[in-house]
file entry_9.txt (compact mmCIF, C-alpha atoms)
# COMPACT_ATOMS: atom_id res chain seq x y z
CA MET A 1 14.89 -10.31 -79.85
CA ARG A 2 17.27 -13.06 -78.73
CA ASP A 3 18.18 -14.08 -82.27
CA GLY A 4 20.01 -11.41 -84.22
CA ARG A 5 19.36 -13.18 -87.52
CA SER A 6 15.60 -13.19 -86.90
CA VAL A 7 15.69 -9.49 -86.06
CA ALA A 8 17.62 -8.75 -89.25
CA ALA A 9 15.13 -10.82 -91.26
CA ALA A 10 12.20 -8.89 -89.78
CA PHE A 11 13.84 -5.62 -90.79
CA ALA A 12 14.32 -6.94 -94.30
CA ASP A 13 10.62 -7.85 -94.49
CA PHE A 14 9.18 -4.64 -93.05
CA ARG A 15 11.84 -2.07 -94.02
CA PRO A 16 10.89 0.35 -91.19
CA ASP A 17 11.47 4.11 -91.28
CA ALA A 18 11.86 4.14 -87.48
CA VAL A 19 11.64 1.57 -84.70
CA ILE A 20 10.21 1.62 -81.17
CA ASN A 21 11.62 -1.11 -78.94
CA ALA A 22 9.15 -1.76 -76.13
CA ALA A 23 10.04 -5.44 -75.78
CA ALA A 24 11.52 -6.38 -72.41
CA TYR A 25 11.88 -9.07 -69.79
CA THR A 26 10.01 -7.38 -66.91
CA LYS A 27 9.67 -10.03 -64.18
CA VAL A 28 11.72 -8.09 -61.66
CA ASP A 29 11.87 -10.70 -58.90
CA GLN A 30 12.27 -13.63 -61.26
CA ALA A 31 15.19 -11.89 -62.96
CA GLU A 32 17.26 -12.48 -59.81
CA ASP A 33 17.23 -16.20 -60.65
CA GLU A 34 16.94 -15.84 -64.44
CA PHE A 35 19.50 -13.14 -65.10
CA GLU A 36 20.71 -14.79 -68.31
CA ALA A 37 17.16 -14.73 -69.71
CA ALA A 38 16.66 -11.10 -68.64
CA PHE A 39 20.04 -10.11 -70.10
CA ALA A 40 19.31 -11.95 -73.36
CA VAL A 41 16.20 -9.83 -73.96
CA ASN A 42 16.97 -6.54 -72.24
CA ALA A 43 20.62 -6.21 -73.22
CA GLU A 44 21.51 -8.47 -76.15
CA GLY A 45 18.05 -8.14 -77.65
CA ALA A 46 18.36 -4.37 -77.56
CA ARG A 47 21.78 -4.68 -79.20
CA HIS A 48 20.32 -6.81 -82.02
CA VAL A 49 17.62 -4.22 -82.71
CA ALA A 50 20.12 -1.35 -82.62
CA LYS A 51 22.45 -3.18 -85.03
CA ALA A 52 19.55 -3.77 -87.42
CA CYS A 53 18.61 -0.08 -87.21
CA ALA A 54 22.21 0.89 -87.98
CA ALA A 55 22.31 -1.46 -90.97
CA ASN A 56 19.03 -0.07 -92.31
CA GLY A 57 19.66 3.61 -91.56
CA CYS A 58 16.65 4.12 -89.29
CA PRO A 59 16.43 5.68 -85.80
CA LEU A 60 15.54 3.70 -82.67
CA LEU A 61 13.34 4.74 -79.75
CA HIS A 62 14.23 2.41 -76.88
CA LEU A 63 12.26 2.21 -73.62
CA SER A 64 14.14 1.88 -70.34
CA THR A 65 13.43 2.23 -66.64
CA ASP A 66 14.00 4.09 -63.39
CA TYR A 67 15.49 0.84 -62.06
CA VAL A 68 18.88 1.84 -63.49
CA PHE A 69 19.16 4.03 -60.35
CA ASP A 70 19.66 2.92 -56.75
CA GLY A 71 16.92 5.21 -55.39
CA ALA A 72 19.18 6.92 -52.85
CA LYS A 73 18.82 10.42 -54.29
CA ARG A 74 16.37 12.71 -52.47
CA GLY A 75 14.98 14.52 -55.53
CA PRO A 76 13.98 13.44 -59.05
CA TYR A 77 16.69 11.78 -61.12
CA MET A 78 18.14 13.64 -64.09
CA GLU A 79 19.69 12.00 -67.15
CA SER A 80 23.13 13.13 -65.95
CA ASP A 81 22.85 11.36 -62.58
CA PRO A 82 25.08 8.31 -62.13
CA THR A 83 23.43 4.92 -62.54
CA ALA A 84 23.71 2.22 -59.91
CA PRO A 85 21.06 -0.51 -60.32
CA ILE A 86 20.35 -2.58 -57.22
CA ASN A 87 18.74 -5.60 -58.87
CA ALA A 88 19.29 -7.90 -61.84
CA TYR A 89 16.48 -6.39 -63.87
CA GLY A 90 17.95 -2.92 -63.51
CA ARG A 91 21.41 -4.16 -64.49
CA SER A 92 20.02 -5.85 -67.61
CA LYS A 93 18.14 -2.70 -68.64
CA LEU A 94 21.21 -0.52 -68.09
CA ALA A 95 23.25 -2.91 -70.23
CA GLY A 96 20.58 -2.51 -72.92
CA GLU A 97 20.87 1.29 -72.80
CA GLN A 98 24.63 1.03 -73.13
CA ALA A 99 24.39 -1.43 -76.01
CA VAL A 100 22.03 0.84 -77.95
CA ALA A 101 24.25 3.89 -77.45
CA GLU A 102 27.35 1.92 -78.42
CA VAL A 103 25.93 0.54 -81.66
CA LEU A 104 23.69 3.32 -82.98
CA ASP A 105 24.12 7.09 -83.02
CA ALA A 106 20.52 7.73 -84.12
CA HIS A 107 18.96 6.49 -80.90
CA LEU A 108 16.70 7.90 -78.23
CA VAL A 109 16.43 6.10 -74.89
CA LEU A 110 13.31 6.99 -72.90
CA ARG A 111 13.26 6.02 -69.22
CA VAL A 112 9.84 5.59 -67.59
CA ALA A 113 8.64 4.44 -64.17
CA TRP A 114 5.71 2.75 -62.40
CA VAL A 115 3.87 1.90 -65.63
CA PHE A 116 0.19 0.96 -65.46
CA SER A 117 -2.56 0.14 -67.96
CA ALA A 118 -5.77 -1.83 -68.42
CA THR A 119 -3.79 -4.78 -69.80
CA GLY A 120 -0.77 -6.76 -68.69
CA THR A 121 0.51 -7.15 -65.14
CA ASN A 122 0.73 -3.92 -63.15
CA PHE A 123 -0.04 -2.38 -59.75
CA VAL A 124 -3.52 -1.10 -60.64
CA LYS A 125 -4.71 -4.52 -61.77
CA THR A 126 -3.14 -6.15 -58.73
CA MET A 127 -4.97 -3.79 -56.39
CA LEU A 128 -8.30 -4.41 -58.12
CA ASN A 129 -7.75 -8.17 -57.93
CA LEU A 130 -7.22 -7.80 -54.16
CA ALA A 131 -10.16 -5.46 -53.60
CA GLY A 132 -12.20 -8.17 -51.88
CA ARG A 133 -9.80 -8.52 -48.97
CA ASP A 134 -10.50 -6.98 -45.58
CA GLU A 135 -7.06 -5.44 -45.27
CA LEU A 136 -4.11 -4.67 -47.54
CA ARG A 137 -0.61 -3.80 -46.33
CA VAL A 138 1.01 -1.47 -48.87
CA VAL A 139 4.50 0.02 -48.86
CA ASN A 140 4.56 3.74 -48.06
CA ASP A 141 8.27 4.61 -48.16
CA GLN A 142 8.92 4.15 -51.88
CA ARG A 143 8.22 7.27 -53.93
CA GLY A 144 7.50 7.59 -57.61
CA ALA A 145 5.01 8.85 -60.16
CA PRO A 146 2.70 6.29 -61.80
CA THR A 147 2.90 6.48 -65.58
CA ALA A 148 0.09 5.37 -67.88
CA ALA A 149 1.06 3.28 -70.89
CA ARG A 150 -1.26 5.53 -72.92
CA SER A 151 0.79 8.56 -71.91
CA ILE A 152 4.00 6.81 -72.91
CA ALA A 153 2.50 5.86 -76.27
CA ALA A 154 1.44 9.47 -76.88
CA ALA A 155 4.93 10.71 -75.97
CA LEU A 156 6.55 8.18 -78.30
CA TRP A 157 4.33 9.31 -81.17
CA ARG A 158 5.33 12.92 -80.61
CA LEU A 159 8.97 11.88 -80.48
CA LEU A 160 8.62 10.12 -83.82
CA GLU A 161 7.20 13.32 -85.27
CA GLY A 162 10.09 15.29 -83.76
CA LEU A 163 12.68 12.88 -85.13
CA SER A 164 11.36 13.47 -88.64
CA SER A 165 12.04 17.21 -88.38
CA THR A 166 14.76 18.24 -85.92
CA PRO A 167 16.01 15.13 -84.11
CA ARG A 168 17.77 15.51 -80.76
CA PHE A 169 19.04 12.03 -79.99
CA GLY A 170 20.23 10.73 -76.64
CA LEU A 171 18.86 9.92 -73.20
CA TYR A 172 15.57 11.28 -71.83
CA HIS A 173 13.25 10.87 -68.85
CA PHE A 174 9.49 10.86 -69.28
CA ALA A 175 8.03 12.09 -66.01
CA SER A 176 4.54 11.93 -64.55
CA GLU A 177 3.01 13.93 -61.71
CA PRO A 178 2.22 14.31 -58.90
CA PRO A 179 4.70 12.25 -56.84
CA THR A 180 3.16 9.63 -54.58
CA THR A 181 3.85 6.38 -52.73
CA TRP A 182 2.53 2.91 -53.45
CA HIS A 183 0.23 3.23 -50.45
CA ASP A 184 -1.20 6.57 -51.55
CA PHE A 185 -1.51 5.34 -55.14
CA ALA A 186 -3.56 2.41 -53.85
CA ALA A 187 -5.77 4.84 -51.91
CA VAL A 188 -6.50 6.79 -55.10
CA ILE A 189 -7.23 3.55 -56.97
CA PHE A 190 -9.77 2.43 -54.39
CA ALA A 191 -11.32 5.90 -54.17
CA GLY A 192 -11.87 5.73 -57.93
CA LEU A 193 -13.30 2.24 -57.60
CA ALA A 194 -15.71 3.44 -54.91
CA GLU A 195 -16.92 6.25 -57.19
CA ARG A 196 -17.83 3.72 -59.83
CA LYS A 197 -19.17 0.84 -57.75
CA GLY A 198 -20.02 2.33 -54.37
CA GLU A 199 -18.06 2.01 -51.15
CA GLY A 200 -18.98 -1.64 -50.65
CA ALA A 201 -16.43 -3.68 -48.76
CA LEU A 202 -13.20 -2.06 -49.92
CA PRO A 203 -10.10 -3.14 -48.03
CA LYS A 204 -8.53 -1.17 -45.22
CA LEU A 205 -5.14 0.10 -46.38
CA VAL A 206 -2.31 -0.24 -43.87
CA PRO A 207 0.92 1.67 -44.63
CA ILE A 208 4.08 -0.36 -44.04
CA PRO A 209 7.82 0.20 -44.61
CA THR A 210 9.70 -1.66 -47.34
CA ALA A 211 11.42 -3.73 -44.65
CA ASP A 212 8.05 -5.29 -43.76
CA TYR A 213 7.39 -6.36 -47.35
CA PRO A 214 10.44 -8.35 -48.46
CA THR A 215 10.81 -9.16 -52.16
CA ARG A 216 13.30 -11.28 -54.07
CA ALA A 217 14.68 -8.19 -55.81
CA ALA A 218 15.43 -4.91 -54.05
CA ARG A 219 13.43 -1.86 -55.19
CA PRO A 220 14.61 1.77 -55.38
CA GLN A 221 13.04 3.91 -52.68
CA ASN A 222 13.03 6.91 -55.03
CA SER A 223 11.82 6.36 -58.60
CA LEU A 224 11.08 9.99 -59.47
CA LEU A 225 12.34 11.13 -62.87
CA ASP A 226 13.04 14.70 -63.96
CA GLY A 227 11.50 15.29 -67.38
CA ALA A 228 12.82 18.82 -67.97
CA ARG A 229 15.19 17.79 -70.77
CA LEU A 230 12.39 16.08 -72.71
CA HIS A 231 10.21 19.15 -72.36
CA ARG A 232 13.04 21.46 -73.38
CA HIS A 233 13.97 19.50 -76.51
CA TYR A 234 10.61 18.13 -77.64
CA GLY A 235 7.94 20.13 -75.79
CA ILE A 236 6.64 17.02 -74.02
CA GLY A 237 5.70 17.92 -70.45
CA PRO A 238 4.81 15.80 -67.42
CA ALA A 239 1.73 13.63 -67.69
CA ASP A 240 -0.85 13.76 -64.86
CA TRP A 241 -1.43 10.11 -63.99
CA ARG A 242 -4.70 10.72 -62.16
CA GLY A 243 -6.72 11.41 -65.30
CA GLU A 244 -5.25 8.37 -67.04
CA LEU A 245 -6.01 6.23 -63.98
CA GLY A 246 -9.67 7.21 -64.34
CA LYS A 247 -9.65 5.91 -67.93
CA VAL A 248 -8.09 2.63 -66.86
CA LEU A 249 -10.60 2.18 -64.05
CA ALA A 250 -13.44 2.89 -66.47
CA VAL A 251 -12.31 -0.18 -68.40
CA LEU A 252 -11.37 -2.48 -65.52
CA ALA A 253 -14.21 -1.59 -63.16
CA ALA A 254 -16.99 -1.49 -65.79
call {"tool": "encode", "arguments": {"input": "entry_9.txt", "output": "structure tokens"}}
result
Amino acid sequence: MRDGRSVAAAFADFRPDAVINAAAYTKVDQAEDEFEAAFAVNAEGARHVAKACAANGCPLLHLSTDYVFDGAKRGPYMESDPTAPINAYGRSKLAGEQAVAEVLDAHLVLRVAWVFSATGTNFVKTMLNLAGRDELRVVNDQRGAPTAARSIAAALWRLLEGLSSTPRFGLYHFASEPPTTWHDFAAVIFAGLAERKGEGALPKLVPIPTADYPTRAARPQNSLLDGARLHRHYGIGPADWRGELGKVLAVLAA
């Protein structure tokens, strides 16, 4: 990603028909102190991939984030809403979106939010790792919709199929439902854990405001995304995160 020549060489080896760029620097707090590293992957890396796609005549599906917004809007964000990232990670991802659009016409940028899965670092795994504590203080004034990596993968596959027939390039939001808060998401996680392993000694969840849980990087208070445009152009509707959470818990809590 950081080396344009290496990216070009990979394209020459594999000769792709289409490309999905899911690579990213995602350490949100660390990005405040390592902005150059985050920018190198999220912005310049995206530019390298887009340039290689342009040179090889193939479309690019590029994943982005709700963090390009400041979170001040009351309702879900639409693609037409102005961007205003409030942390370094968000600025690097926005620069990546802009680089892709600048270099390659045949691009589709898909913004997602609150991603979770059975692998990698994410909120669900963090909560399960902390399940042995007596009490957990969890933020309850940030709103979003958890999005399963499996749901994103399924949406990307359908987009690839759509691009092969009647492509509608540009910027899209992939939404999940229903809206929730980090605190309420944690409550659903532990309820699912209790169903599988019994009540046991699950932690008491204490709702707290963002101000009582300081982080190195600021977080948007509203991460909701409006997916109407994606549904209108590609027939991909909102994903219900609760069913996907059950599948993740079946793996992690087995």
call {"tool": "atom_distance", "arguments": {"input": "entry_9.txt", "atom1": "atom CA of Val68 of chain A", "atom2": "atom CA of Ala118 of chain A"}}
result
25.4 Å
call {"tool": "closest_residue", "arguments": {"input": "entry_9.txt", "among": "A:Met127, A:Ala148, A:Leu156, A:Ala254", "to": "Pro203 of chain A", "atoms": "only C-alpha atoms"}}
result
A:Met127
call {"tool": "residues_around", "arguments": {"input": "entry_9.txt", "residues": "segment 93-110 of chain A", "least_positions_apart": "6", "cutoff": "10 Å", "atoms": "all atoms listed in the file", "output": "PDB file with C-alpha atoms, in the frame of the given file"}}
result
ATOM      1  CA  ALA A  18      11.860   4.140 -87.480  1.00  0.00           C
ATOM      2  CA  VAL A  19      11.640   1.570 -84.700  1.00  0.00           C
ATOM      3  CA  ILE A  20      10.210   1.620 -81.170  1.00  0.00           C
ATOM      4  CA  ASN A  21      11.620  -1.110 -78.940  1.00  0.00           C
ATOM      5  CA  ALA A  24      11.520  -6.380 -72.410  1.00  0.00           C
ATOM      6  CA  TYR A  25      11.880  -9.070 -69.790  1.00  0.00           C
ATOM      7  CA  THR A  26      10.010  -7.380 -66.910  1.00  0.00           C
ATOM      8  CA  ALA A  38      16.660 -11.100 -68.640  1.00  0.00           C
ATOM      9  CA  PHE A  39      20.040 -10.110 -70.100  1.00  0.00           C
ATOM     10  CA  ALA A  40      19.310 -11.950 -73.360  1.00  0.00           C
ATOM     11  CA  VAL A  41      16.200  -9.830 -73.960  1.00  0.00           C
ATOM     12  CA  ASN A  42      16.970  -6.540 -72.240  1.00  0.00           C
ATOM     13  CA  ALA A  43      20.620  -6.210 -73.220  1.00  0.00           C
ATOM     14  CA  GLU A  44      21.510  -8.470 -76.150  1.00  0.00           C
ATOM     15  CA  GLY A  45      18.050  -8.140 -77.650  1.00  0.00           C
ATOM     16  CA  ALA A  46      18.360  -4.370 -77.560  1.00  0.00           C
ATOM     17  CA  ARG A  47      21.780  -4.680 -79.200  1.00  0.00           C
ATOM     18  CA  HIS A  48      20.320  -6.810 -82.020  1.00  0.00           C
ATOM     19  CA  VAL A  49      17.620  -4.220 -82.710  1.00  0.00           C
ATOM     20  CA  ALA A  50      20.120  -1.350 -82.620  1.00  0.00           C
ATOM     21  CA  LYS A  51      22.450  -3.180 -85.030  1.00  0.00           C
ATOM     22  CA  ALA A  52      19.550  -3.770 -87.420  1.00  0.00           C
ATOM     23  CA  CYS A  53      18.610  -0.080 -87.210  1.00  0.00           C
ATOM     24  CA  ALA A  54      22.210   0.890 -87.980  1.00  0.00           C
ATOM     25  CA  ALA A  55      22.310  -1.460 -90.970  1.00  0.00           C
ATOM     26  CA  GLY A  57      19.660   3.610 -91.560  1.00  0.00           C
ATOM     27  CA  CYS A  58      16.650   4.120 -89.290  1.00  0.00           C
ATOM     28  CA  PRO A  59      16.430   5.680 -85.800  1.00  0.00           C
ATOM     29  CA  LEU A  60      15.540   3.700 -82.670  1.00  0.00           C
ATOM     30  CA  LEU A  61      13.340   4.740 -79.750  1.00  0.00           C
ATOM     31  CA  HIS A  62      14.230   2.410 -76.880  1.00  0.00           C
ATOM     32  CA  LEU A  63      12.260   2.210 -73.620  1.00  0.00           C
ATOM     33  CA  SER A  64      14.140   1.880 -70.340  1.00  0.00           C
ATOM     34  CA  THR A  65      13.430   2.230 -66.640  1.00  0.00           C
ATOM     35  CA  ASP A  66      14.000   4.090 -63.390  1.00  0.00           C
ATOM     36  CA  TYR A  67      15.490   0.840 -62.060  1.00  0.00           C
ATOM     37  CA  VAL A  68      18.880   1.840 -63.490  1.00  0.00           C
ATOM     38  CA  PHE A  69      19.160   4.030 -60.350  1.00  0.00           C
ATOM     39  CA  GLU A  79      19.690  12.000 -67.150  1.00  0.00           C
ATOM     40  CA  THR A  83      23.430   4.920 -62.540  1.00  0.00           C
ATOM     41  CA  ALA A  84      23.710   2.220 -59.910  1.00  0.00           C
ATOM     42  CA  PRO A  85      21.060  -0.510 -60.320  1.00  0.00           C
ATOM     43  CA  ILE A 152       4.000   6.810 -72.910  1.00  0.00           C
ATOM     44  CA  ALA A 155       4.930  10.710 -75.970  1.00  0.00           C
ATOM     45  CA  LEU A 156       6.550   8.180 -78.300  1.00  0.00           C
ATOM     46  CA  LEU A 159       8.970  11.880 -80.480  1.00  0.00           C
ATOM     47  CA  LEU A 163      12.680  12.880 -85.130  1.00  0.00           C
ATOM     48  CA  PRO A 167      16.010  15.130 -84.110  1.00  0.00           C
ATOM     49  CA  ARG A 168      17.770  15.510 -80.760  1.00  0.00           C
ATOM     50  CA  PHE A 169      19.040  12.030 -79.990  1.00  0.00           C
ATOM     51  CA  GLY A 170      20.230  10.730 -76.640  1.00  0.00           C
ATOM     52  CA  LEU A 171      18.860   9.920 -73.200  1.00  0.00           C
ATOM     53  CA  TYR A 172      15.570  11.280 -71.830  1.00  0.00           C
ATOM     54  CA  HIS A 173      13.250  10.870 -68.850  1.00  0.00           C
ATOM     55  CA  PHE A 174       9.490  10.860 -69.280  1.00  0.00           C
ATOM     56  CA  LEU A 230      12.390  16.080 -72.710  1.00  0.00           C
TER      57      LEU A 230
END
call {"tool": "atom_distance", "arguments": {"input": "entry_9.txt", "atom1": "atom CA of Val112 of chain A", "atom2": "atom CA of Ser164 of chain A"}}
result
22.5 Å
call {"tool": "closest_residue", "arguments": {"input": "entry_9.txt", "among": "A:Leu225, A:Ala113, A:Ile208, A:Ala239", "to": "Met78 of chain A", "atoms": "all atoms listed in the file"}}
result
A:Leu225
call {"tool": "closest_residue", "arguments": {"input": "entry_9.txt", "among": "A:Asp3, A:Asp70, A:Glu177, A:Asp184", "to": "Asp226 of chain A", "atoms": "all atoms listed in the file"}}
result
A:Glu177
call {"tool": "residues_near_point", "arguments": {"input": "entry_9.txt", "point": "(-6.8, 9.6, -59.8)", "cutoff": "7 Å", "atoms": "all atoms listed in the file", "output": "PDB file with C-alpha atoms, in the coordinates of the input"}}
result
ATOM      1  CA  VAL A 188      -6.500   6.790 -55.100  1.00  0.00           C
ATOM      2  CA  ILE A 189      -7.230   3.550 -56.970  1.00  0.00           C
ATOM      3  CA  GLY A 192     -11.870   5.730 -57.930  1.00  0.00           C
ATOM      4  CA  TRP A 241      -1.430  10.110 -63.990  1.00  0.00           C
ATOM      5  CA  ARG A 242      -4.700  10.720 -62.160  1.00  0.00           C
ATOM      6  CA  GLY A 243      -6.720  11.410 -65.300  1.00  0.00           C
ATOM      7  CA  LEU A 245      -6.010   6.230 -63.980  1.00  0.00           C
ATOM      8  CA  GLY A 246      -9.670   7.210 -64.340  1.00  0.00           C
TER       9      GLY A 246
END
call {"tool": "atom_distance", "arguments": {"input": "entry_9.txt", "atom1": "atom CA of Leu136 of chain A", "atom2": "atom CA of Ala186 of chain A"}}
result
9.5 Å
call {"tool": "closest_residue", "arguments": {"input": "entry_9.txt", "among": "A:Gly162, A:Arg74, A:Ile86, A:Leu252", "to": "Val124 of chain A", "atoms": "only C-alpha atoms"}}
result
A:Leu252
call {"tool": "build_atoms", "arguments": {"input": "entry_9.txt", "residues": "segment 124-137 of chain A", "atoms": "N, CA and C atoms", "output": "PDB file, keeping the file's coordinate frame"}}
result
ATOM      1  N   VAL A 124      -2.088  -1.408 -60.662  1.00  0.00           N
ATOM      2  CA  VAL A 124      -3.520  -1.100 -60.640  1.00  0.00           C
ATOM      3  C   VAL A 124      -4.334  -2.391 -60.720  1.00  0.00           C
ATOM      4  N   LYS A 125      -3.981  -3.267 -61.635  1.00  0.00           N
ATOM      5  CA  LYS A 125      -4.710  -4.520 -61.770  1.00  0.00           C
ATOM      6  C   LYS A 125      -4.554  -5.406 -60.543  1.00  0.00           C
ATOM      7  N   THR A 126      -3.360  -5.380 -59.952  1.00  0.00           N
ATOM      8  CA  THR A 126      -3.140  -6.150 -58.730  1.00  0.00           C
ATOM      9  C   THR A 126      -4.041  -5.667 -57.609  1.00  0.00           C
ATOM     10  N   MET A 127      -4.128  -4.343 -57.433  1.00  0.00           N
ATOM     11  CA  MET A 127      -4.970  -3.790 -56.390  1.00  0.00           C
ATOM     12  C   MET A 127      -6.451  -4.158 -56.613  1.00  0.00           C
ATOM     13  N   LEU A 128      -6.910  -4.080 -57.835  1.00  0.00           N
ATOM     14  CA  LEU A 128      -8.300  -4.410 -58.120  1.00  0.00           C
ATOM     15  C   LEU A 128      -8.574  -5.897 -57.876  1.00  0.00           C
ATOM     16  N   ASN A 129      -7.585  -6.733 -58.178  1.00  0.00           N
ATOM     17  CA  ASN A 129      -7.750  -8.170 -57.930  1.00  0.00           C
ATOM     18  C   ASN A 129      -7.811  -8.478 -56.434  1.00  0.00           C
ATOM     19  N   LEU A 130      -7.239  -7.593 -55.612  1.00  0.00           N
ATOM     20  CA  LEU A 130      -7.220  -7.800 -54.160  1.00  0.00           C
ATOM     21  C   LEU A 130      -8.297  -6.990 -53.440  1.00  0.00           C
ATOM     22  N   ALA A 131      -9.171  -6.371 -54.190  1.00  0.00           N
ATOM     23  CA  ALA A 131     -10.160  -5.460 -53.600  1.00  0.00           C
ATOM     24  C   ALA A 131     -11.129  -6.157 -52.653  1.00  0.00           C
ATOM     25  N   GLY A 132     -11.276  -7.453 -52.749  1.00  0.00           N
ATOM     26  CA  GLY A 132     -12.200  -8.170 -51.880  1.00  0.00           C
ATOM     27  C   GLY A 132     -11.645  -8.502 -50.509  1.00  0.00           C
ATOM     28  N   ARG A 133     -10.391  -8.220 -50.278  1.00  0.00           N
ATOM     29  CA  ARG A 133      -9.800  -8.520 -48.970  1.00  0.00           C
ATOM     30  C   ARG A 133     -10.222  -7.496 -47.924  1.00  0.00           C
ATOM     31  N   ASP A 134     -10.142  -7.892 -46.673  1.00  0.00           N
ATOM     32  CA  ASP A 134     -10.500  -6.980 -45.580  1.00  0.00           C
ATOM     33  C   ASP A 134      -9.411  -5.931 -45.361  1.00  0.00           C
ATOM     34  N   GLU A 135      -8.169  -6.336 -45.558  1.00  0.00           N
ATOM     35  CA  GLU A 135      -7.060  -5.440 -45.270  1.00  0.00           C
ATOM     36  C   GLU A 135      -5.926  -5.686 -46.259  1.00  0.00           C
ATOM     37  N   LEU A 136      -5.270  -4.585 -46.665  1.00  0.00           N
ATOM     38  CA  LEU A 136      -4.110  -4.670 -47.540  1.00  0.00           C
ATOM     39  C   LEU A 136      -2.969  -3.866 -46.936  1.00  0.00           C
ATOM     40  N   ARG A 137      -1.806  -4.480 -46.836  1.00  0.00           N
ATOM     41  CA  ARG A 137      -0.610  -3.800 -46.330  1.00  0.00           C
ATOM     42  C   ARG A 137       0.194  -3.342 -47.556  1.00  0.00           C
TER      43      ARG A 137
END
